[in-house]
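Structure file target.cif with mmCIF, N, CA and C atoms:
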```cif
data_query
#
loop_
_atom_site.label_atom_id
_atom_site.label_comp_id
_atom_site.auth_asym_id
_atom_site.auth_seq_id
_atom_site.Cartn_x
_atom_site.Cartn_y
_atom_site.Cartn_z
N MET X 30 -14.38 9.50 -35.95
CA MET X 30 -15.34 8.92 -35.03
C MET X 30 -16.37 10.00 -34.66
N LYS X 31 -17.59 9.62 -34.55
CA LYS X 31 -18.67 10.56 -34.26
C LYS X 31 -18.63 11.03 -32.81
N ARG X 32 -19.10 12.27 -32.59
CA ARG X 32 -19.19 12.82 -31.23
C ARG X 32 -20.01 11.91 -30.31
N GLU X 33 -21.09 11.39 -30.82
CA GLU X 33 -21.97 10.53 -30.01
C GLU X 33 -21.20 9.30 -29.51
N THR X 34 -20.45 8.68 -30.39
CA THR X 34 -19.68 7.49 -30.02
C THR X 34 -18.60 7.84 -29.01
N LEU X 35 -17.89 8.93 -29.26
CA LEU X 35 -16.86 9.37 -28.32
C LEU X 35 -17.46 9.72 -26.96
N GLY X 36 -18.59 10.40 -26.98
CA GLY X 36 -19.25 10.78 -25.73
C GLY X 36 -19.68 9.57 -24.92
N ARG X 37 -20.28 8.61 -25.61
CA ARG X 37 -20.69 7.37 -24.92
C ARG X 37 -19.48 6.64 -24.33
N ALA X 38 -18.41 6.57 -25.11
CA ALA X 38 -17.20 5.89 -24.64
C ALA X 38 -16.62 6.62 -23.43
N ALA X 39 -16.64 7.94 -23.45
CA ALA X 39 -16.11 8.71 -22.32
C ALA X 39 -16.96 8.51 -21.07
N ILE X 40 -18.27 8.51 -21.22
CA ILE X 40 -19.16 8.27 -20.07
C ILE X 40 -18.90 6.88 -19.50
N LEU X 41 -18.79 5.88 -20.36
CA LEU X 41 -18.50 4.52 -19.90
C LEU X 41 -17.15 4.48 -19.17
N ALA X 42 -16.15 5.13 -19.76
CA ALA X 42 -14.83 5.15 -19.13
C ALA X 42 -14.90 5.85 -17.76
N GLY X 43 -15.66 6.92 -17.67
CA GLY X 43 -15.80 7.63 -16.40
C GLY X 43 -16.48 6.78 -15.35
N ALA X 44 -17.52 6.06 -15.75
CA ALA X 44 -18.22 5.18 -14.82
C ALA X 44 -17.31 4.05 -14.36
N LEU X 45 -16.58 3.46 -15.30
CA LEU X 45 -15.66 2.38 -14.93
C LEU X 45 -14.53 2.88 -14.03
N ALA X 46 -14.05 4.09 -14.32
CA ALA X 46 -13.00 4.66 -13.48
C ALA X 46 -13.51 4.94 -12.07
N ALA X 47 -14.78 5.30 -11.94
CA ALA X 47 -15.37 5.60 -10.63
C ALA X 47 -15.70 4.35 -9.83
N ALA X 48 -15.79 3.21 -10.51
CA ALA X 48 -16.25 1.98 -9.86
C ALA X 48 -15.47 1.62 -8.59
N PRO X 49 -14.15 1.71 -8.55
CA PRO X 49 -13.45 1.37 -7.31
C PRO X 49 -13.85 2.27 -6.14
N SER X 50 -14.06 3.55 -6.40
CA SER X 50 -14.46 4.48 -5.35
C SER X 50 -15.87 4.16 -4.85
N VAL X 51 -16.76 3.90 -5.78
CA VAL X 51 -18.14 3.57 -5.42
C VAL X 51 -18.16 2.25 -4.64
N TRP X 52 -17.42 1.27 -5.10
CA TRP X 52 -17.37 -0.03 -4.42
C TRP X 52 -16.82 0.13 -3.00
N GLN X 53 -15.81 0.95 -2.83
CA GLN X 53 -15.25 1.19 -1.51
C GLN X 53 -16.31 1.79 -0.58
N THR X 54 -17.08 2.73 -1.08
CA THR X 54 -18.16 3.33 -0.29
C THR X 54 -19.16 2.26 0.13
N VAL X 55 -19.55 1.42 -0.80
CA VAL X 55 -20.52 0.35 -0.49
C VAL X 55 -19.96 -0.60 0.56
N ARG X 56 -18.69 -0.94 0.45
CA ARG X 56 -18.08 -1.85 1.43
C ARG X 56 -18.04 -1.23 2.82
N HIS X 57 -17.87 0.07 2.92
CA HIS X 57 -17.80 0.72 4.22
C HIS X 57 -19.14 0.72 4.96
N ILE X 58 -20.24 0.51 4.25
CA ILE X 58 -21.56 0.54 4.89
C ILE X 58 -21.64 -0.49 6.01
N THR X 59 -21.06 -1.65 5.80
CA THR X 59 -21.13 -2.71 6.82
C THR X 59 -19.81 -2.91 7.55
N ASP X 60 -18.83 -2.06 7.31
CA ASP X 60 -17.53 -2.17 7.96
C ASP X 60 -17.61 -1.64 9.39
N PRO X 61 -17.38 -2.49 10.38
CA PRO X 61 -17.52 -2.05 11.78
C PRO X 61 -16.52 -0.95 12.17
N THR X 62 -15.45 -0.79 11.43
CA THR X 62 -14.50 0.27 11.76
C THR X 62 -15.02 1.65 11.33
N TYR X 63 -16.12 1.69 10.59
CA TYR X 63 -16.72 2.96 10.20
C TYR X 63 -17.87 3.34 11.13
N ARG X 64 -17.88 2.78 12.31
CA ARG X 64 -18.86 3.17 13.32
C ARG X 64 -18.20 4.23 14.20
N ALA X 65 -18.98 5.17 14.64
CA ALA X 65 -18.44 6.26 15.45
C ALA X 65 -19.29 6.42 16.71
N PRO X 66 -18.89 5.75 17.79
CA PRO X 66 -19.70 5.77 19.01
C PRO X 66 -19.91 7.17 19.60
N GLU X 67 -19.00 8.08 19.30
CA GLU X 67 -19.11 9.42 19.87
C GLU X 67 -20.09 10.33 19.11
N VAL X 68 -20.61 9.88 17.98
CA VAL X 68 -21.50 10.71 17.18
C VAL X 68 -22.85 10.85 17.88
N ARG X 69 -23.32 12.05 17.95
CA ARG X 69 -24.56 12.39 18.67
C ARG X 69 -25.77 11.60 18.16
N HIS X 70 -25.83 11.31 16.86
CA HIS X 70 -27.00 10.64 16.29
C HIS X 70 -26.89 9.12 16.29
N GLY X 71 -25.89 8.60 16.93
CA GLY X 71 -25.73 7.15 17.02
C GLY X 71 -24.49 6.67 16.29
N GLU X 72 -23.94 5.58 16.76
CA GLU X 72 -22.67 5.12 16.22
C GLU X 72 -22.74 4.69 14.77
N GLY X 73 -23.91 4.33 14.27
CA GLY X 73 -24.06 3.93 12.86
C GLY X 73 -24.37 5.08 11.93
N HIS X 74 -24.34 6.31 12.43
CA HIS X 74 -24.73 7.45 11.60
C HIS X 74 -23.80 7.63 10.39
N VAL X 75 -22.53 7.38 10.57
CA VAL X 75 -21.59 7.48 9.44
C VAL X 75 -21.97 6.46 8.37
N GLN X 76 -22.32 5.26 8.79
CA GLN X 76 -22.70 4.23 7.83
C GLN X 76 -24.00 4.58 7.10
N TYR X 77 -24.89 5.25 7.81
CA TYR X 77 -26.12 5.73 7.18
C TYR X 77 -25.77 6.67 6.02
N HIS X 78 -24.83 7.59 6.27
CA HIS X 78 -24.43 8.53 5.21
C HIS X 78 -23.76 7.81 4.05
N LEU X 79 -23.00 6.78 4.33
CA LEU X 79 -22.38 5.99 3.26
C LEU X 79 -23.44 5.30 2.42
N ALA X 80 -24.46 4.74 3.08
CA ALA X 80 -25.55 4.10 2.34
C ALA X 80 -26.30 5.12 1.50
N ARG X 81 -26.54 6.28 2.07
CA ARG X 81 -27.23 7.33 1.32
C ARG X 81 -26.40 7.74 0.10
N GLU X 82 -25.10 7.88 0.28
CA GLU X 82 -24.22 8.24 -0.84
C GLU X 82 -24.28 7.18 -1.93
N ALA X 83 -24.27 5.91 -1.55
CA ALA X 83 -24.33 4.83 -2.54
C ALA X 83 -25.64 4.87 -3.32
N LEU X 84 -26.73 5.14 -2.64
CA LEU X 84 -28.03 5.19 -3.33
C LEU X 84 -28.14 6.42 -4.22
N ILE X 85 -27.61 7.55 -3.78
CA ILE X 85 -27.62 8.75 -4.61
C ILE X 85 -26.76 8.52 -5.86
N THR X 86 -25.64 7.85 -5.69
CA THR X 86 -24.78 7.54 -6.83
C THR X 86 -25.51 6.65 -7.83
N THR X 87 -26.25 5.68 -7.33
CA THR X 87 -27.04 4.81 -8.20
C THR X 87 -28.04 5.64 -9.00
N GLY X 88 -28.71 6.57 -8.36
CA GLY X 88 -29.65 7.44 -9.06
C GLY X 88 -28.97 8.33 -10.08
N ALA X 89 -27.81 8.88 -9.72
CA ALA X 89 -27.07 9.74 -10.64
C ALA X 89 -26.68 8.97 -11.89
N PHE X 90 -26.14 7.77 -11.70
CA PHE X 90 -25.73 7.00 -12.87
C PHE X 90 -26.94 6.47 -13.64
N GLY X 91 -28.07 6.29 -12.98
CA GLY X 91 -29.30 5.95 -13.70
C GLY X 91 -29.72 7.08 -14.63
N ALA X 92 -29.65 8.31 -14.12
CA ALA X 92 -29.99 9.48 -14.95
C ALA X 92 -29.00 9.64 -16.09
N ILE X 93 -27.74 9.47 -15.81
CA ILE X 93 -26.72 9.57 -16.85
C ILE X 93 -26.95 8.50 -17.91
N GLY X 94 -27.18 7.28 -17.47
CA GLY X 94 -27.43 6.18 -18.41
C GLY X 94 -28.67 6.39 -19.26
N SER X 95 -29.72 6.95 -18.67
CA SER X 95 -30.94 7.22 -19.43
C SER X 95 -30.68 8.22 -20.54
N ALA X 96 -29.91 9.26 -20.21
CA ALA X 96 -29.60 10.27 -21.23
C ALA X 96 -28.69 9.70 -22.31
N VAL X 97 -27.73 8.89 -21.91
CA VAL X 97 -26.82 8.29 -22.90
C VAL X 97 -27.61 7.36 -23.83
N SER X 98 -28.50 6.56 -23.25
CA SER X 98 -29.24 5.60 -24.07
C SER X 98 -30.25 6.27 -25.00
N ALA X 99 -30.59 7.52 -24.75
CA ALA X 99 -31.51 8.23 -25.64
C ALA X 99 -30.89 8.49 -27.01
N GLY X 100 -29.57 8.43 -27.07
CA GLY X 100 -28.88 8.60 -28.34
C GLY X 100 -28.89 10.03 -28.81
N ALA X 101 -28.64 10.19 -30.08
CA ALA X 101 -28.50 11.52 -30.67
C ALA X 101 -29.79 12.33 -30.61
N ASP X 102 -30.90 11.68 -30.31
CA ASP X 102 -32.19 12.38 -30.21
C ASP X 102 -32.46 12.94 -28.82
N ARG X 103 -31.46 12.89 -27.91
CA ARG X 103 -31.71 13.38 -26.55
C ARG X 103 -32.07 14.86 -26.59
N SER X 104 -33.02 15.21 -25.78
CA SER X 104 -33.48 16.60 -25.74
C SER X 104 -32.51 17.44 -24.90
N PRO X 105 -32.56 18.75 -25.09
CA PRO X 105 -31.74 19.61 -24.23
C PRO X 105 -32.05 19.42 -22.74
N ALA X 106 -33.32 19.19 -22.42
CA ALA X 106 -33.70 18.99 -21.01
C ALA X 106 -33.09 17.69 -20.46
N LEU X 107 -33.10 16.64 -21.25
CA LEU X 107 -32.50 15.38 -20.81
C LEU X 107 -30.98 15.53 -20.68
N TRP X 108 -30.36 16.26 -21.61
CA TRP X 108 -28.93 16.51 -21.49
C TRP X 108 -28.62 17.28 -20.21
N ARG X 109 -29.44 18.29 -19.90
CA ARG X 109 -29.21 19.07 -18.67
C ARG X 109 -29.35 18.18 -17.44
N ALA X 110 -30.30 17.26 -17.46
CA ALA X 110 -30.45 16.32 -16.34
C ALA X 110 -29.20 15.46 -16.20
N MET X 111 -28.67 15.00 -17.33
CA MET X 111 -27.44 14.21 -17.31
C MET X 111 -26.28 15.05 -16.78
N ALA X 112 -26.18 16.29 -17.23
CA ALA X 112 -25.10 17.17 -16.79
C ALA X 112 -25.20 17.43 -15.29
N CYS X 113 -26.41 17.64 -14.79
CA CYS X 113 -26.59 17.87 -13.35
C CYS X 113 -26.24 16.62 -12.54
N ALA X 114 -26.65 15.46 -13.03
CA ALA X 114 -26.34 14.21 -12.31
C ALA X 114 -24.84 13.96 -12.28
N ALA X 115 -24.18 14.14 -13.42
CA ALA X 115 -22.73 13.95 -13.47
C ALA X 115 -22.03 15.01 -12.62
N GLY X 116 -22.49 16.25 -12.71
CA GLY X 116 -21.90 17.32 -11.91
C GLY X 116 -22.05 17.07 -10.42
N GLY X 117 -23.21 16.60 -10.01
CA GLY X 117 -23.42 16.29 -8.60
C GLY X 117 -22.54 15.16 -8.12
N PHE X 118 -22.40 14.13 -8.93
CA PHE X 118 -21.53 13.01 -8.57
C PHE X 118 -20.09 13.48 -8.43
N VAL X 119 -19.62 14.23 -9.41
CA VAL X 119 -18.24 14.71 -9.41
C VAL X 119 -18.01 15.67 -8.23
N ALA X 120 -18.95 16.57 -7.99
CA ALA X 120 -18.80 17.51 -6.88
C ALA X 120 -18.72 16.78 -5.55
N ALA X 121 -19.54 15.75 -5.38
CA ALA X 121 -19.51 14.98 -4.14
C ALA X 121 -18.17 14.26 -3.97
N MET X 122 -17.62 13.78 -5.09
CA MET X 122 -16.34 13.07 -5.02
C MET X 122 -15.22 14.00 -4.54
N TRP X 123 -15.29 15.26 -4.92
CA TRP X 123 -14.24 16.22 -4.56
C TRP X 123 -14.58 17.03 -3.30
N SER X 124 -15.70 16.76 -2.67
CA SER X 124 -16.14 17.58 -1.54
C SER X 124 -15.25 17.46 -0.31
N GLY X 125 -14.46 16.41 -0.22
CA GLY X 125 -13.59 16.24 0.93
C GLY X 125 -12.54 17.32 1.06
N GLY X 126 -12.05 17.81 -0.05
CA GLY X 126 -11.00 18.84 -0.02
C GLY X 126 -11.41 20.07 0.76
N PRO X 127 -12.48 20.74 0.33
CA PRO X 127 -12.85 21.96 1.06
C PRO X 127 -13.44 21.71 2.45
N THR X 128 -14.01 20.53 2.67
CA THR X 128 -14.63 20.28 3.97
C THR X 128 -13.68 19.71 5.01
N THR X 129 -12.71 18.90 4.58
CA THR X 129 -11.80 18.25 5.54
C THR X 129 -10.34 18.54 5.28
N GLY X 130 -10.04 19.10 4.12
CA GLY X 130 -8.66 19.34 3.76
C GLY X 130 -7.99 18.15 3.11
N VAL X 131 -8.73 17.06 2.91
CA VAL X 131 -8.18 15.84 2.29
C VAL X 131 -8.93 15.62 0.97
N TRP X 132 -8.23 15.80 -0.14
CA TRP X 132 -8.86 15.66 -1.45
C TRP X 132 -9.08 14.21 -1.82
N ALA X 133 -8.19 13.35 -1.37
CA ALA X 133 -8.30 11.90 -1.59
C ALA X 133 -7.41 11.24 -0.55
N PRO X 134 -7.78 10.06 -0.09
CA PRO X 134 -7.01 9.43 0.99
C PRO X 134 -5.63 8.92 0.57
N ASN X 135 -5.41 8.72 -0.74
CA ASN X 135 -4.11 8.23 -1.21
C ASN X 135 -4.00 8.52 -2.71
N ARG X 136 -2.82 8.22 -3.28
CA ARG X 136 -2.59 8.51 -4.70
C ARG X 136 -3.51 7.72 -5.63
N LYS X 137 -3.77 6.48 -5.28
CA LYS X 137 -4.65 5.67 -6.12
C LYS X 137 -6.05 6.29 -6.16
N ALA X 138 -6.55 6.70 -5.01
CA ALA X 138 -7.87 7.33 -4.96
C ALA X 138 -7.88 8.64 -5.75
N LEU X 139 -6.81 9.40 -5.64
CA LEU X 139 -6.72 10.65 -6.40
C LEU X 139 -6.75 10.35 -7.90
N GLY X 140 -6.06 9.31 -8.32
CA GLY X 140 -6.10 8.91 -9.72
C GLY X 140 -7.49 8.52 -10.17
N VAL X 141 -8.21 7.79 -9.32
CA VAL X 141 -9.59 7.41 -9.62
C VAL X 141 -10.45 8.66 -9.78
N HIS X 142 -10.29 9.62 -8.87
CA HIS X 142 -11.09 10.85 -8.91
C HIS X 142 -10.79 11.64 -10.19
N VAL X 143 -9.52 11.78 -10.52
CA VAL X 143 -9.14 12.55 -11.71
C VAL X 143 -9.63 11.85 -12.98
N ALA X 144 -9.43 10.55 -13.06
CA ALA X 144 -9.84 9.80 -14.26
C ALA X 144 -11.35 9.84 -14.45
N SER X 145 -12.10 9.57 -13.39
CA SER X 145 -13.55 9.54 -13.55
C SER X 145 -14.11 10.93 -13.83
N THR X 146 -13.58 11.94 -13.14
CA THR X 146 -14.05 13.30 -13.38
C THR X 146 -13.76 13.73 -14.81
N SER X 147 -12.54 13.52 -15.26
CA SER X 147 -12.16 13.93 -16.62
C SER X 147 -13.02 13.25 -17.67
N ALA X 148 -13.20 11.96 -17.54
CA ALA X 148 -13.97 11.23 -18.55
C ALA X 148 -15.45 11.61 -18.52
N LEU X 149 -16.03 11.74 -17.33
CA LEU X 149 -17.45 12.10 -17.24
C LEU X 149 -17.69 13.50 -17.81
N VAL X 150 -16.85 14.44 -17.46
CA VAL X 150 -17.00 15.82 -17.96
C VAL X 150 -16.84 15.84 -19.48
N ALA X 151 -15.86 15.13 -19.99
CA ALA X 151 -15.66 15.07 -21.44
C ALA X 151 -16.88 14.44 -22.12
N GLY X 152 -17.39 13.35 -21.54
CA GLY X 152 -18.54 12.68 -22.12
C GLY X 152 -19.78 13.56 -22.14
N VAL X 153 -20.03 14.25 -21.05
CA VAL X 153 -21.19 15.15 -21.01
C VAL X 153 -21.04 16.25 -22.05
N ALA X 154 -19.85 16.82 -22.16
CA ALA X 154 -19.62 17.88 -23.14
C ALA X 154 -19.82 17.36 -24.57
N LEU X 155 -19.32 16.18 -24.85
CA LEU X 155 -19.45 15.62 -26.19
C LEU X 155 -20.90 15.27 -26.55
N LEU X 156 -21.70 14.93 -25.55
CA LEU X 156 -23.08 14.51 -25.82
C LEU X 156 -24.09 15.67 -25.82
N ARG X 157 -23.59 16.89 -25.64
CA ARG X 157 -24.50 18.03 -25.65
C ARG X 157 -25.17 18.13 -27.01
N PRO X 158 -26.48 18.28 -26.99
CA PRO X 158 -27.19 18.39 -28.29
C PRO X 158 -26.73 19.62 -29.06
N ARG X 159 -26.64 19.46 -30.35
CA ARG X 159 -26.26 20.59 -31.21
C ARG X 159 -27.43 21.57 -31.27
N ARG X 160 -27.08 22.84 -31.35
CA ARG X 160 -28.13 23.86 -31.48
C ARG X 160 -28.67 23.82 -32.89
N SER X 161 -29.99 23.95 -32.98
CA SER X 161 -30.57 23.88 -34.33
C SER X 161 -30.78 25.25 -34.93
#
```
Please render this file's structure as structure tokens.
Amino acid sequence: MKRETLGRAAILAGALAAAPSVWQTVRHITDPTYRAPEVRHGEGHVQYHLAREALITTGAFGAIGSAVSAGADRSPALWRAMACAAGGFVAAMWSGGPTTGVWAPNRKALGVHVASTSALVAGVALLRPRRS
């Protein structure tokens, strides 16, 4: 099987593996239990950050998808953009560990994080343009 095909499949698998986590974030935007009345910037500030995260994720996957759809002719610059978008998404997913001490809220979430990270990283590596 060609690197391009494997890379595309890995990116798709990573995106699908991340879907439950992304969907959970989107659902929390309107969840009244995610309001924090004690927050200095207003009780909906947490939900604002959730909405921002969902929109940034949409942009990241848009950049990843653009690079994937370029096919084997993707430029090194487009590959770097894809790598940065995937890296940013993955870093944000794991940011809870160093900031709060909680890497994932439960085993299922940890599995989602590991699966999506592994597949996205593998896909980006496989889709790197060959040096000429």
Matched chain/residue IDs from the PyMOL selection byres ((chain X and resi 37-41) around 8), as a count of residues only: 22
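Among the candidates X:Val119, X:Leu84, X:Val131, X:Met111, the one nearest to Ala96 in chain X when counting only N, CA and C atoms is X:Met111.
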Spatial neighbours of Thr86 in chain X, max dist 9 Å, only C-alpha atoms, sep filter under 6 positions, as an MDAnalysis selection string: chainID X and resid 51 114 118
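Straight-line separation from CA of Met122 in chain X to CA of Val68 in chain X: 22.9 Å.
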Selection result for the PyMOL selection byres (((chain X and resi 55-65 and name CA) around 10) and name CA) on this file, as a list in words: Pro49, Ser50, Val51, Trp52, Gln53, Thr54, Pro66, Glu67, Val68, Arg69, His70, Gly71, Glu72, Gly73, His74, Val75, Gln76, Tyr77, His78, Leu79, Ala80, Arg81, Glu82, Ala83 and Leu84 of chain X
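With CA of Ser145 in chain X on one side and CA of Pro158 in chain X on the other, the separation reads 21.9 Å.
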Interatomic distance (Å, one decimal) between CA of Arg103 in chain X and CA of Ala154 in chain X: 13.3 Å
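This file, queried with the PyMOL selection byres (((chain X and resi 160 and name CA) around 12) and name CA), gives the residues Ser104, Pro105, Arg157, Pro158, Arg159 and Ser161 of chain X.
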Backbone DSSP call of alpha helix (DSSP H) for chain X, listed as a ChimeraX atom specification: /X:32-57,74-98,105-123,125-129,136-155
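Of the residues listed (X:Ala48, X:Thr146, X:Ala92, X:Met30), X:Ala92 shows the shortest atom-to-atom separation from Ala112 in chain X; distances use all atoms listed in the file.
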Close residues, Ala133 in chain X itself excluded, 8 Å, all atoms listed in the file, min 4 positions apart in chain, as a ChimeraX atom specification: /X:122-123,125-126,137-140,142
Once 5 Å is added on each side, what centre and edge lengths in Å to one decimal does the axis-aligned box around all listed atoms of range 97-102 of chain X have, as lines of an AutoDock Vina configuration file?
```
center_x = -29.6
center_y = 9.3
center_z = -26.3
size_x = 15.6
size_y = 17.3
size_z = 18.8
```
